Amino acid sequence: MTALYSLFAPFLLWPIEYLFPYPYVVEELAKTVIVFFALKSKASLSTYYRTFIIAGVLFAFSETVLYMININLFGRVSLIFIRFFSTSILHSLTFIIIAAFGLKNKRLIGVGFVLSALIHYLYNLLVS
């Protein structure tokens, strides 16, 4: 279910980001909620991390589909593939960071959220 939520989350978040234009906060908060509920299941550490890497790639895929709608923002189709690759790494990393803090102690999941939002913010600054 984690992967499915991650696949559809960007579509649900798009209108929210339009009203609250801080994608690094909105997206990382959504990922934190997904991680919080995913950690309620009993799984091995490797299963959790594998799940969150896949979730990050699916999140990036959906986000890239949304950006493809506005292909004129990129100018070249090849930039879509570069964007997908870089955001796959970003979203997988931030999922892992949130999960790592949540696995350490459920009360630390907020620290994971803040750190992942900061990384996402810095990524956005770098690519803009």
# chains A, B, ... in the order shown; residues from 1 in each chain; ligands from 1
call {"tool": "residues_around", "arguments": {"residues": "range 56-72 of chain A", "least_positions_apart": "4", "cutoff": "12 Å", "atoms": "only C-alpha atoms", "output": "JSON, numbers by chain"}}
result
{"A": [2, 3, 4, 5, 6, 7, 8, 9, 10, 11, 12, 13, 14, 15, 23, 27, 28, 30, 31, 34, 35, 49, 50, 51, 52, 76, 77, 78, 79, 80, 81, 82, 83, 84, 85, 86, 87, 88, 89, 90, 91, 92, 93, 94, 95, 96, 97, 98, 99]}
call {"tool": "residues_around", "arguments": {"residues": "Ala100 in chain A", "least_positions_apart": "6", "cutoff": "12 Å", "atoms": "only C-alpha atoms", "output": "count of residues only"}}
result
21
call {"tool": "select_by_dssp", "arguments": {"residues": "chain A", "states": "alpha helix (DSSP H)", "output": "number ranges by chain"}}
result
A: 2-19, 23-38, 45-69, 78-104, 109-127
